[in-house]
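Reproduced below: query22.csv, with CSV, C-alpha atoms.
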chain,number,residue,atom,x,y,z
A,271,MET,CA,0.0,0.0,0.0
A,272,THR,CA,1.4,3.4,-1.0
A,273,LEU,CA,0.2,6.5,0.9
A,274,ALA,CA,0.7,9.9,-0.6
A,275,VAL,CA,0.2,13.5,0.7
A,276,THR,CA,0.0,16.6,-1.5
A,277,LEU,CA,1.0,20.1,-0.3
A,278,MET,CA,0.9,23.5,-1.8
A,279,VAL,CA,3.0,25.7,0.4
A,280,ARG,CA,4.2,29.3,0.6
A,281,ASP,CA,6.3,30.9,3.3
A,282,GLU,CA,5.6,28.4,6.1
A,283,ALA,CA,9.2,28.0,7.4
A,284,ASP,CA,8.0,28.3,11.0
A,285,VAL,CA,6.0,25.0,10.8
A,286,ILE,CA,7.2,23.1,7.7
A,287,PRO,CA,9.9,21.1,9.5
A,288,ALA,CA,7.4,19.8,12.0
A,289,TRP,CA,4.8,19.1,9.3
A,290,LEU,CA,7.3,17.0,7.3
A,291,ASP,CA,8.5,15.1,10.4
A,292,HIS,CA,5.0,14.5,11.5
A,293,HIS,CA,3.8,13.0,8.2
A,294,LEU,CA,6.9,10.9,7.9
A,295,ALA,CA,6.3,9.5,11.3
A,296,GLN,CA,2.7,8.8,10.4
A,297,GLY,CA,3.7,6.5,7.6
A,298,PHE,CA,3.4,8.6,4.4
A,299,ASP,CA,5.5,7.1,1.5
A,300,VAL,CA,5.1,9.8,-1.1
A,301,PHE,CA,5.2,13.6,-0.7
A,302,VAL,CA,4.1,15.6,-3.8
A,303,ILE,CA,4.8,19.3,-2.9
A,304,THR,CA,4.5,22.5,-4.8
A,305,ASP,CA,6.5,25.5,-3.4
A,306,ASN,CA,4.5,28.6,-4.4
A,307,GLY,CA,7.3,31.1,-4.6
A,308,SER,CA,8.4,31.1,-0.9
A,309,VAL,CA,10.9,33.7,0.2
A,310,ASP,CA,11.2,32.9,3.9
A,311,GLY,CA,13.5,29.8,3.7
A,312,THR,CA,10.7,27.3,3.0
A,313,THR,CA,12.2,26.5,-0.4
A,314,ASP,CA,15.6,25.5,1.2
A,315,LEU,CA,13.9,23.4,3.8
A,316,LEU,CA,11.9,21.5,1.1
A,317,THR,CA,15.0,21.1,-1.2
A,318,ALA,CA,16.9,19.5,1.7
A,319,PHE,CA,13.9,17.2,2.4
A,320,ALA,CA,13.7,16.2,-1.3
A,321,ALA,CA,17.3,15.0,-1.1
A,322,ARG,CA,16.3,12.2,1.3
A,323,THR,CA,16.5,8.7,0.0
A,324,ASP,CA,14.2,7.0,2.5
A,325,VAL,CA,11.0,8.6,1.1
A,326,THR,CA,9.7,9.7,-2.4
A,327,VAL,CA,9.6,13.4,-2.7
A,328,ASP,CA,8.2,15.1,-5.8
A,329,LEU,CA,9.1,18.7,-5.3
A,330,ARG,CA,7.7,21.3,-7.8
A,331,HIS,CA,7.9,25.1,-8.1
A,332,ASP,CA,5.1,27.4,-9.1
A,333,PRO,CA,5.9,31.1,-8.6
A,334,VAL,CA,2.4,32.4,-9.6
A,335,HIS,CA,0.4,34.0,-6.8
A,336,ARG,CA,-3.2,34.0,-8.0
A,337,LYS,CA,-5.0,31.6,-5.6
A,338,GLN,CA,-4.8,28.7,-8.1
A,339,GLN,CA,-4.8,26.0,-5.3
A,340,GLY,CA,-7.6,23.9,-6.8
A,341,THR,CA,-5.8,23.5,-10.1
A,342,VAL,CA,-2.4,22.9,-8.6
A,343,VAL,CA,-3.6,20.4,-6.0
A,344,THR,CA,-5.7,18.5,-8.6
A,345,GLY,CA,-2.5,18.1,-10.7
A,346,MET,CA,-0.5,16.8,-7.8
A,347,ALA,CA,-3.3,14.4,-6.7
A,348,ARG,CA,-3.6,13.0,-10.2
A,349,ASP,CA,0.2,12.5,-10.4
A,350,ALA,CA,0.3,10.9,-7.0
A,351,ALA,CA,-1.9,8.1,-8.6
A,352,ARG,CA,-0.6,8.2,-12.1
A,353,THR,CA,3.2,8.6,-11.5
A,354,HIS,CA,3.7,7.4,-7.9
A,355,HIS,CA,0.9,4.7,-7.9
A,356,ALA,CA,-0.6,5.9,-4.6
A,357,ASP,CA,-3.4,3.8,-3.2
A,358,TRP,CA,-4.6,6.7,-1.0
A,359,VAL,CA,-4.1,10.4,-1.2
A,360,VAL,CA,-4.4,13.1,1.5
A,361,ASN,CA,-4.4,16.7,0.3
A,362,ALA,CA,-3.2,18.9,3.1
A,363,ASP,CA,-2.1,22.4,4.0
A,364,ALA,CA,1.1,23.2,5.9
A,365,ASP,CA,-0.9,24.0,9.1
A,366,GLU,CA,-2.8,20.7,9.0
A,367,PHE,CA,-1.6,17.6,10.9
A,368,ILE,CA,-3.6,14.5,10.2
A,369,LEU,CA,-3.9,11.9,13.0
A,370,PRO,CA,-6.0,8.8,13.8
A,371,VAL,CA,-8.7,9.4,16.4
A,372,ASP,CA,-7.3,6.2,18.0
A,373,ARG,CA,-3.9,7.5,18.8
A,374,SER,CA,-2.5,4.0,19.3
A,375,LEU,CA,-2.4,3.8,15.5
A,376,THR,CA,-0.5,5.7,12.9
A,377,VAL,CA,-2.2,7.1,9.8
A,378,GLY,CA,-0.4,4.6,7.7
A,379,GLU,CA,-1.8,1.7,9.8
A,380,VAL,CA,-5.3,3.1,9.3
A,381,PHE,CA,-5.0,3.1,5.5
A,382,GLU,CA,-3.5,-0.4,5.5
A,383,ARG,CA,-6.7,-1.6,7.1
A,384,LEU,CA,-9.1,0.6,5.1
A,385,ASP,CA,-10.9,-1.0,2.2
A,386,PRO,CA,-10.4,1.0,-1.0
A,387,VAL,CA,-14.1,0.5,-1.7
A,388,VAL,CA,-14.6,3.4,0.7
A,389,GLY,CA,-13.5,5.6,-2.2
A,390,ALA,CA,-13.5,9.1,-0.7
A,391,PHE,CA,-14.5,10.3,2.8
A,392,THR,CA,-14.4,13.5,4.8
A,393,VAL,CA,-12.2,14.1,7.8
A,394,PRO,CA,-13.1,16.6,10.5
A,395,VAL,CA,-10.8,19.5,11.1
A,396,VAL,CA,-10.2,20.8,14.6
A,397,ASN,CA,-8.7,24.3,15.2
A,398,MET,CA,-6.0,24.3,17.9
A,399,THR,CA,-5.4,27.4,20.1
A,400,GLY,CA,-3.6,28.6,23.2
A,401,MET,CA,-1.5,31.6,24.1
A,402,LEU,CA,-0.9,34.3,21.5
A,403,ALA,CA,2.8,34.6,20.5
A,404,GLU,CA,4.7,37.1,18.4
A,405,SER,CA,6.4,34.3,16.5
A,406,GLY,CA,7.0,30.5,16.5
A,407,GLY,CA,5.4,27.4,15.1
A,408,GLY,CA,3.1,26.7,18.0
A,409,VAL,CA,3.1,22.9,17.9
A,410,GLU,CA,3.7,22.7,21.7
A,411,ARG,CA,2.0,26.0,22.7
A,412,LEU,CA,-1.3,25.5,20.8
A,413,HIS,CA,-2.4,22.4,22.6
A,414,TRP,CA,-6.1,23.2,23.2
A,415,ARG,CA,-8.9,21.9,20.9
A,416,ASP,CA,-11.2,24.8,20.2
A,417,ASP,CA,-14.7,23.4,21.1
A,418,ARG,CA,-16.4,26.8,21.2
A,419,SER,CA,-19.9,26.8,19.7
A,420,VAL,CA,-20.9,28.6,16.5
A,421,THR,CA,-22.5,31.3,18.6
A,422,GLU,CA,-19.3,31.8,20.6
A,423,LEU,CA,-17.1,31.8,17.5
A,424,GLN,CA,-19.4,34.3,15.8
A,425,ALA,CA,-19.1,36.6,18.9
A,426,ILE,CA,-15.3,36.9,18.2
A,427,GLY,CA,-15.8,37.4,14.5
A,428,LEU,CA,-15.4,33.9,13.2
A,429,ILE,CA,-17.9,32.1,11.0
A,430,GLY,CA,-17.8,28.8,12.7
A,431,PRO,CA,-15.7,25.6,13.0
A,432,PRO,CA,-13.5,24.8,9.9
A,433,SER,CA,-14.9,22.7,7.0
A,434,THR,CA,-14.0,19.0,6.7
A,435,ASN,CA,-11.2,17.8,4.4
A,436,ALA,CA,-11.6,15.1,1.7
A,437,VAL,CA,-9.4,12.0,1.5
A,438,HIS,CA,-9.6,9.7,-1.5
A,439,VAL,CA,-8.2,6.6,-3.2
A,440,GLY,CA,-5.6,7.2,-5.8
A,441,ASP,CA,-7.3,8.3,-9.1
A,442,PRO,CA,-5.5,9.7,-12.1
A,443,GLU,CA,-8.7,11.6,-13.1
A,444,VAL,CA,-9.6,13.1,-9.7
A,445,THR,CA,-10.6,16.7,-9.3
A,446,VAL,CA,-9.9,18.5,-6.0
A,447,VAL,CA,-12.0,21.5,-5.2
A,448,GLN,CA,-10.3,24.7,-4.0
A,449,GLY,CA,-9.6,24.3,-0.3
A,450,ASN,CA,-9.4,20.5,-0.4
A,451,HIS,CA,-12.9,20.2,1.1
A,452,GLN,CA,-14.4,18.2,-1.8
A,453,VAL,CA,-13.2,15.8,-4.5
A,454,SER,CA,-14.8,14.1,-7.5
A,455,VAL,CA,-14.3,10.6,-6.2
A,456,ALA,CA,-17.5,9.2,-4.8
A,457,ASN,CA,-17.9,7.7,-1.3
A,458,GLY,CA,-18.6,3.9,-1.6
A,459,ALA,CA,-18.8,2.8,2.0
A,460,PRO,CA,-18.5,4.2,5.5
A,461,VAL,CA,-15.2,4.3,7.3
A,462,PRO,CA,-15.3,1.4,9.9
A,463,ALA,CA,-15.4,2.3,13.6
A,464,GLY,CA,-11.9,2.6,15.0
A,465,LEU,CA,-10.3,3.8,11.8
A,466,GLU,CA,-11.6,7.4,11.9
A,467,LEU,CA,-9.1,10.2,11.2
A,468,GLU,CA,-9.0,13.9,12.1
A,469,VAL,CA,-6.9,16.9,11.3
A,470,LEU,CA,-5.4,19.1,14.0
A,471,HIS,CA,-5.3,22.6,12.5
A,472,LEU,CA,-2.8,25.3,13.5
A,473,PRO,CA,-4.1,28.4,11.5
A,474,TRP,CA,-3.1,30.9,14.2
A,475,ARG,CA,0.5,30.0,15.0
A,476,SER,CA,1.8,33.6,15.7
A,477,TRP,CA,1.0,37.2,14.9
A,478,THR,CA,4.0,37.5,12.6
A,479,GLN,CA,3.0,34.5,10.5
A,480,TYR,CA,-0.7,35.4,10.4
A,481,GLU,CA,0.0,39.0,9.4
A,482,HIS,CA,2.1,37.8,6.5
A,483,ARG,CA,-0.4,35.2,5.4
A,484,VAL,CA,-3.3,37.6,5.3
A,485,ASP,CA,-1.3,40.0,3.2
A,486,VAL,CA,0.0,37.6,0.6
A,487,SER,CA,-3.3,35.7,0.4
A,488,GLY,CA,-5.3,38.9,0.0
A,489,ARG,CA,-3.0,40.1,-2.8
A,490,ALA,CA,-3.2,36.7,-4.5
A,491,TYR,CA,-7.0,36.9,-4.5
A,492,GLU,CA,-6.8,40.4,-5.9
A,493,ALA,CA,-4.4,39.2,-8.7
A,494,ASN,CA,-6.8,36.6,-9.9
A,495,PRO,CA,-9.8,38.0,-11.8
A,496,ASP,CA,-11.4,34.6,-12.0
A,497,LEU,CA,-11.9,34.5,-8.3
A,498,THR,CA,-14.6,36.8,-6.8
A,499,PRO,CA,-14.7,36.3,-3.1
A,500,SER,CA,-17.4,38.1,-1.2
A,501,PRO,CA,-16.2,41.2,0.7
A,502,ARG,CA,-17.4,39.3,3.8
A,503,HIS,CA,-15.1,36.3,3.1
A,504,HIS,CA,-12.9,35.9,6.1
A,505,GLY,CA,-9.8,36.5,4.1
A,506,MET,CA,-11.1,39.7,2.6
A,507,ARG,CA,-12.4,41.0,5.9
A,508,ASP,CA,-9.0,40.3,7.6
A,509,LEU,CA,-7.2,42.0,4.7
A,510,ARG,CA,-9.3,45.1,5.2
A,511,ARG,CA,-8.5,45.0,9.0
A,512,LEU,CA,-4.8,44.6,8.2
A,513,ARG,CA,-4.7,47.6,6.0
A,514,GLU,CA,-6.7,49.5,8.6
A,515,GLY,CA,-4.2,48.6,11.3
A,516,VAL,CA,-6.6,46.7,13.6
A,517,LEU,CA,-6.1,43.1,12.6
A,518,GLU,CA,-3.9,42.1,15.6
A,519,SER,CA,-6.7,43.1,17.9
A,520,THR,CA,-9.3,40.9,16.3
A,521,PHE,CA,-6.7,38.1,15.8
A,522,ALA,CA,-6.1,38.1,19.6
A,523,LEU,CA,-9.7,37.1,20.2
A,524,ARG,CA,-8.8,33.6,18.9
A,525,PHE,CA,-6.4,32.9,21.8
A,526,VAL,CA,-6.9,31.8,25.4
A,527,THR,CA,-4.6,31.3,28.4
A,528,ASP,CA,-4.2,27.9,29.8
A,529,ASP,CA,-6.3,28.8,32.9
A,530,GLU,CA,-9.1,30.0,30.6
A,531,ALA,CA,-8.9,27.0,28.4
A,532,ALA,CA,-9.0,24.6,31.3
A,533,ALA,CA,-12.2,26.2,32.6
A,534,GLY,CA,-13.9,26.7,29.2
A,535,PRO,CA,-15.0,24.8,26.1
A,536,PHE,CA,-11.5,23.5,25.3
A,537,THR,CA,-9.9,20.1,25.4
A,538,ARG,CA,-6.2,19.5,25.9
A,539,ASP,CA,-4.6,17.6,23.0
A,540,ASP,CA,-0.8,17.3,22.7
A,541,GLY,CA,-1.1,14.8,19.8
A,542,ILE,CA,1.2,16.7,17.4
A,543,ALA,CA,4.0,17.3,19.9
A,544,GLU,CA,3.8,13.7,21.1
A,545,VAL,CA,4.2,12.4,17.5
A,546,LEU,CA,7.2,14.7,17.0
A,547,ARG,CA,8.8,13.7,20.3
A,548,ARG,CA,8.5,10.0,19.6
A,549,ALA,CA,10.0,10.6,16.1
A,550,GLY,CA,12.9,12.5,17.7
A,551,SER,CA,12.1,15.6,15.6
A,552,THR,CA,14.4,18.5,16.0
A,553,SER,CA,11.5,20.9,15.5
A,554,ILE,CA,10.7,20.2,19.2
A,555,ASP,CA,13.7,21.7,21.0
A,556,GLY,CA,12.1,23.0,24.2
A,557,THR,CA,12.5,26.7,23.3
A,558,PRO,CA,9.3,28.5,24.2
A,559,ASP,CA,7.7,30.8,21.7
A,560,PRO,CA,7.7,34.5,22.7
A,561,VAL,CA,4.2,34.8,24.0
A,562,VAL,CA,2.3,38.1,24.4
A,563,PRO,CA,2.0,39.1,28.1
A,564,GLU,CA,-1.4,38.5,29.5
A,565,ASP,CA,-2.2,42.1,30.2
A,566,GLU,CA,-1.3,43.0,26.6
A,567,LEU,CA,-3.5,40.1,25.4
A,568,ARG,CA,-6.4,41.5,27.4
A,569,ARG,CA,-5.9,45.0,25.9
A,570,LEU,CA,-5.8,43.6,22.4
A,571,GLN,CA,-8.9,41.6,23.0
A,572,GLN,CA,-10.8,44.6,24.4
A,573,VAL,CA,-10.1,46.5,21.2
A,574,GLY,CA,-10.8,43.4,19.1
A,575,HIS,CA,-14.3,43.1,20.5
A,576,ALA,CA,-15.0,46.7,19.7
A,577,ILE,CA,-13.8,46.2,16.1
A,578,VAL,CA,-16.0,43.1,15.7
A,579,THR,CA,-19.0,44.9,17.0
A,580,ARG,CA,-18.3,47.8,14.7
A,581,ASP,CA,-17.9,45.6,11.6
A,582,ARG,CA,-21.0,43.7,12.5
A,583,ARG,CA,-23.0,47.0,12.7
A,584,ILE,CA,-21.6,48.2,9.4
A,585,GLU,CA,-22.6,44.9,7.7
A,586,SER,CA,-26.1,45.2,9.3
A,587,LEU,CA,-26.4,48.7,7.9
A,588,GLU,CA,-25.2,47.5,4.5
A,589,ASP,CA,-27.8,44.8,4.6
A,590,SER,CA,-30.5,47.4,5.4
A,591,VAL,CA,-29.3,49.6,2.6
A,592,ARG,CA,-29.4,46.6,0.2
A,593,ALA,CA,-32.9,45.7,1.4
A,594,GLY,CA,-34.1,49.3,1.0
A,595,GLU,CA,-32.6,49.4,-2.5
A,596,ALA,CA,-34.3,46.1,-3.3
A,597,THR,CA,-37.6,47.4,-2.0
A,598,ALA,CA,-37.1,50.7,-4.0
A,599,ASP,CA,-36.3,48.6,-7.1
A,600,THR,CA,-39.5,46.6,-6.6
A,601,LEU,CA,-41.6,49.8,-6.2
A,602,ARG,CA,-40.0,51.4,-9.2
A,603,ALA,CA,-40.7,48.3,-11.3
A,604,THR,CA,-44.3,48.2,-10.0
A,605,VAL,CA,-44.8,51.9,-10.9
A,606,GLN,CA,-43.3,51.3,-14.3
A,607,PHE,CA,-45.5,48.3,-14.8
A,608,GLU,CA,-48.6,50.3,-13.9
A,609,ARG,CA,-47.5,53.1,-16.2
A,610,ASP,CA,-47.0,50.7,-19.0
A,611,ARG,CA,-50.4,49.1,-18.4
A,612,ALA,CA,-52.1,52.6,-18.3
A,613,GLN,CA,-50.4,53.5,-21.6
A,614,ALA,CA,-51.5,50.3,-23.1
A,615,ALA,CA,-55.0,50.9,-21.9
A,616,LEU,CA,-54.9,54.5,-23.4
A,617,ARG,CA,-53.6,53.1,-26.7
A,618,GLU,CA,-56.4,50.5,-26.7
A,619,VAL,CA,-59.1,53.2,-26.0
A,620,SER,CA,-57.6,55.4,-28.7
A,621,ALA,CA,-57.7,52.5,-31.2
A,622,ARG,CA,-61.3,51.8,-30.3
A,623,ASP,CA,-62.2,55.5,-30.6
A,624,ALA,CA,-60.5,55.6,-34.0
A,625,GLU,CA,-62.4,52.4,-35.1
A,626,LEU,CA,-65.7,53.9,-33.9
A,627,ALA,CA,-65.1,57.1,-35.8
A,628,ALA,CA,-64.2,55.1,-38.9
A,629,MET,CA,-67.4,53.1,-38.5
A,630,HIS,CA,-69.4,56.3,-38.0
A,631,ALA,CA,-67.9,57.8,-41.0
A,632,ARG,CA,-68.7,54.8,-43.1
A,633,ARG,CA,-72.3,54.8,-41.8
A,634,VAL,CA,-72.7,58.5,-42.7
A,635,VAL,CA,-71.5,57.7,-46.2
A,636,ARG,CA,-73.9,54.8,-46.5
A,637,LEU,CA,-76.8,57.0,-45.3
A,638,ALA,CA,-75.8,59.8,-47.7
A,639,ASP,CA,-75.7,57.3,-50.5
A,640,ARG,CA,-79.1,56.0,-49.6
A,641,ALA,CA,-80.5,59.5,-49.4
A,642,GLY,CA,-79.1,60.2,-52.9
A,643,ASP,CA,-80.7,57.1,-54.2
A,644,VAL,CA,-84.1,58.1,-52.8
A,645,ALA,CA,-83.8,61.6,-54.2
A,646,ARG,CA,-83.0,60.3,-57.7
A,647,ARG,CA,-85.9,57.9,-57.6
A,648,LEU,CA,-88.3,60.8,-56.6
A,649,ARG,CA,-87.1,63.0,-59.4
A,650,ARG,CA,-87.7,60.2,-61.9
A,651,ARG,CA,-91.3,60.1,-60.9
Take the structure I supplied and represent it as structure tokens, if you would.
Amino acid sequence: MTLAVTLMVRDEADVIPAWLDHHLAQGFDVFVITDNGSVDGTTDLLTAFAARTDVTVDLRHDPVHRKQQGTVVTGMARDAARTHHADWVVNADADEFILPVDRSLTVGEVFERLDPVVGAFTVPVVNMTGMLAESGGGVERLHWRDDRSVTELQAIGLIGPPSTNAVHVGDPEVTVVQGNHQVSVANGAPVPAGLELEVLHLPWRSWTQYEHRVDVSGRAYEANPDLTPSPRHHGMRDLRRLREGVLESTFALRFVTDDEAAAGPFTRDDGIAEVLRRAGSTSIDGTPDPVVPEDELRRLQQVGHAIVTRDRRIESLEDSVRAGEATADTLRATVQFERDRAQAALREVSARDAELAAMHARRVVRLADRAGDVARRLRRR
């Protein structure tokens, strides 16, 4: 059984060593990776990894920054099957660490036991959080599963829990939808109990990393005219906040102290760090990330709540304006319809009047003709 993972990556040097070590330890045989024009050292790290002889690494380079993930990942997933003969393919991001729910197993062991008739299936994604840090990969610091409800997440400006990821059998004709959430391969059977997988997601590793990601991602969206994200898309909203200078405050709302997490809707999970320690990964060196002091975190969060409230009010007013414009459009259309109907009725009345006048004129002519006939007969007598 050959297990492959695809990855399109850009400027993820803070976490890519841990990501590579984790997936090696979990039993992946083939890594199909596209470096999307990284400038932070990611390219060098991937080049060194590709030189290894104990694993197959298909390293590619795509310098275009136009949010073309769906197309690129589809190509990698197809080549994983066509070129590398992968039986199973996982399409991942650099902040996503896949693990079995049963932590006594590795991902490789799960797929060894999984019948290919399953075809494709979705894997839940769990956001991990913890203390806010200025920099660092966060694989040890972000050890709390974020179990906040949709309502609680919306209160801090988030839409809700992340979408699931799609895993699939190797297929040289597969299509992977932008975001890796859906694939064209059909699901043929449920995943047996005990073989479930999940993804631990580290989207908020540090302020430095997130600030850079919002900037480059937003500019990539703007550079691709084929993509038209809503202004309320989380990436577009964060780009506006970055350019306004308030993004760090709203970003801070996603973090909790260990004491808060222990008392709230969070669950401790050190799964990523444990895998890396067992593997002897040098990405775990015991050096703590430079966390933001708690009083500064509180100040940022206070401002962040105000920004979220402001943006929500602006969006509500925009909705009201759009609703008013829609109502006005409907009224204008109704008025125009009534005008058109009145004009049509007037034209119909005018046509009838003209027809009646014509009929009257013809009748007068006929009467005159008859009168003439009578007069002529009288004269003959």
Selected residue, from A:Ala295, A:Ala612, A:Ala522, A:Ala490, that lies nearest to Thr376 (chain A) when counting all atoms listed in the file: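 For Thr376 (chain A), the nearest of the given residues is A:Ala295.
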So what do you get for CA of Gly400 (chain A) versus CA of Asp528 (chain A), distance-wise?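 Interatomic distance here is 6.7 Å.
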Which neighbours of Gly550 (chain A) fall inside 12 Å, counting only C-alpha atoms, when residues of the same chain fewer than 5 positions from it are skipped, and could you give them as a list in words?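 So the residues in contact are Ala288, Asp291, His292, Leu294, Ala295, Ala543, Glu544, Val545 and Asp555 of chain A.
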Counting all atoms listed in the file, write as a PyMOL selection string all protein and nucleic acid residues lying at most 7 Å from (1.6, 25.9, 22.2) in the file's frame. chain A and resi 400-401+408-413
Name the residues within 7 Å of (5.4, 23.1, -3.8), counting all atoms listed in the file in the file's coordinates, and put them as number ranges by chain. A: 277-279, 303-306, 329-332
Mind dumping a table of every region 389-422 of chain A residue within 9 Å of region 451-466 of chain A, with the nearest atom pair and its distance in Å to one decimal, using only C-alpha atoms, sorted by chain and rising number, as a Markdown table?
| residue | atom | partner | partner_atom | distance |
| --- | --- | --- | --- | --- |
| A:Gly389 | CA | A:Asn457 | CA | 5.0 |
| A:Ala390 | CA | A:Asn457 | CA | 4.7 |
| A:Phe391 | CA | A:Asn457 | CA | 5.9 |
| A:Thr392 | CA | A:His451 | CA | 7.8 |
| A:Val393 | CA | A:Glu466 | CA | 7.9 |
Got a sec: who's within 9 Å of region 507-512 of chain A, counting all atoms listed in the file, leaving out chain neighbours fewer than 2 positions off, as a count of residues only? 19
In Å, how far is it from CA of Arg280 (chain A) to CA of Leu315 (chain A)? 11.8 Å
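Of the listed residues (A:Gln606, A:Thr434, A:Thr399, A:Asn361), A:Asn361 comes nearest to Gly345 (chain A); the distances count all atoms listed in the file.
Once Pro563 (chain A) and its same-chain neighbours fewer than 5 positions away are set aside, Met401, Leu402, Ala403 and Arg568 of chain A remain within 10 Å of it when counting only C-alpha atoms.
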Restricted to C-alpha atoms, what would the selected residues look like written as a PDB file, keeping the file's coordinate frame?
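result_39.pdb, freshly written:
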ATOM      1  CA  MET A 401      -1.500  31.600  24.100  1.00  0.00           C
ATOM      2  CA  LEU A 402      -0.900  34.300  21.500  1.00  0.00           C
ATOM      3  CA  ALA A 403       2.800  34.600  20.500  1.00  0.00           C
ATOM      4  CA  ARG A 568      -6.400  41.500  27.400  1.00  0.00           C
TER       5      ARG A 568
END
Proximity to Phe301 (chain A) - best of A:Ala320, A:Val327, A:Ala283, A:Ala603, all atoms listed in the file: A:Val327
Do you have the CA of Gly406 (chain A)-CA of Ser519 (chain A) distance handy? 18.7 Å
Of A:Arg415, A:Glu382, A:Val388, A:Met506, the one nearest to Val486 (chain A) when counting all atoms listed in the file is A:Met506
Which residue is closest to Val561 (chain A)? Choose from A:Ser476, A:Asn435, A:Ser308, A:Thr344 and count only C-alpha atoms. A:Ser476
Rank A:Val469, A:Gly534, A:Ile584, A:Glu625 by their smallest atom-to-atom distance to Ser419 (chain A), using only C-alpha atoms, and report the top residue only.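 Comparing A:Val469, A:Gly534, A:Ile584, A:Glu625 against Ser419 (chain A), the winner is A:Gly534.
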Please list as number ranges by chain every residue within 12 Å of region 440-445 of chain A, counting only C-alpha atoms and excluding residues in the same chain fewer than 4 positions away. A: 271-276, 300, 339-361, 386-390, 436, 449-456
Output as lines of an AutoDock Vina configuration file the centre and edge lengths (Å, one decimal) of the box along x, y and z of the file that holds every listed atom of region 296-304 of chain A after adding 3 Å on each side.
center_x = 4.1
center_y = 14.5
center_z = 2.8
size_x = 8.8
size_y = 22.0
size_z = 21.2
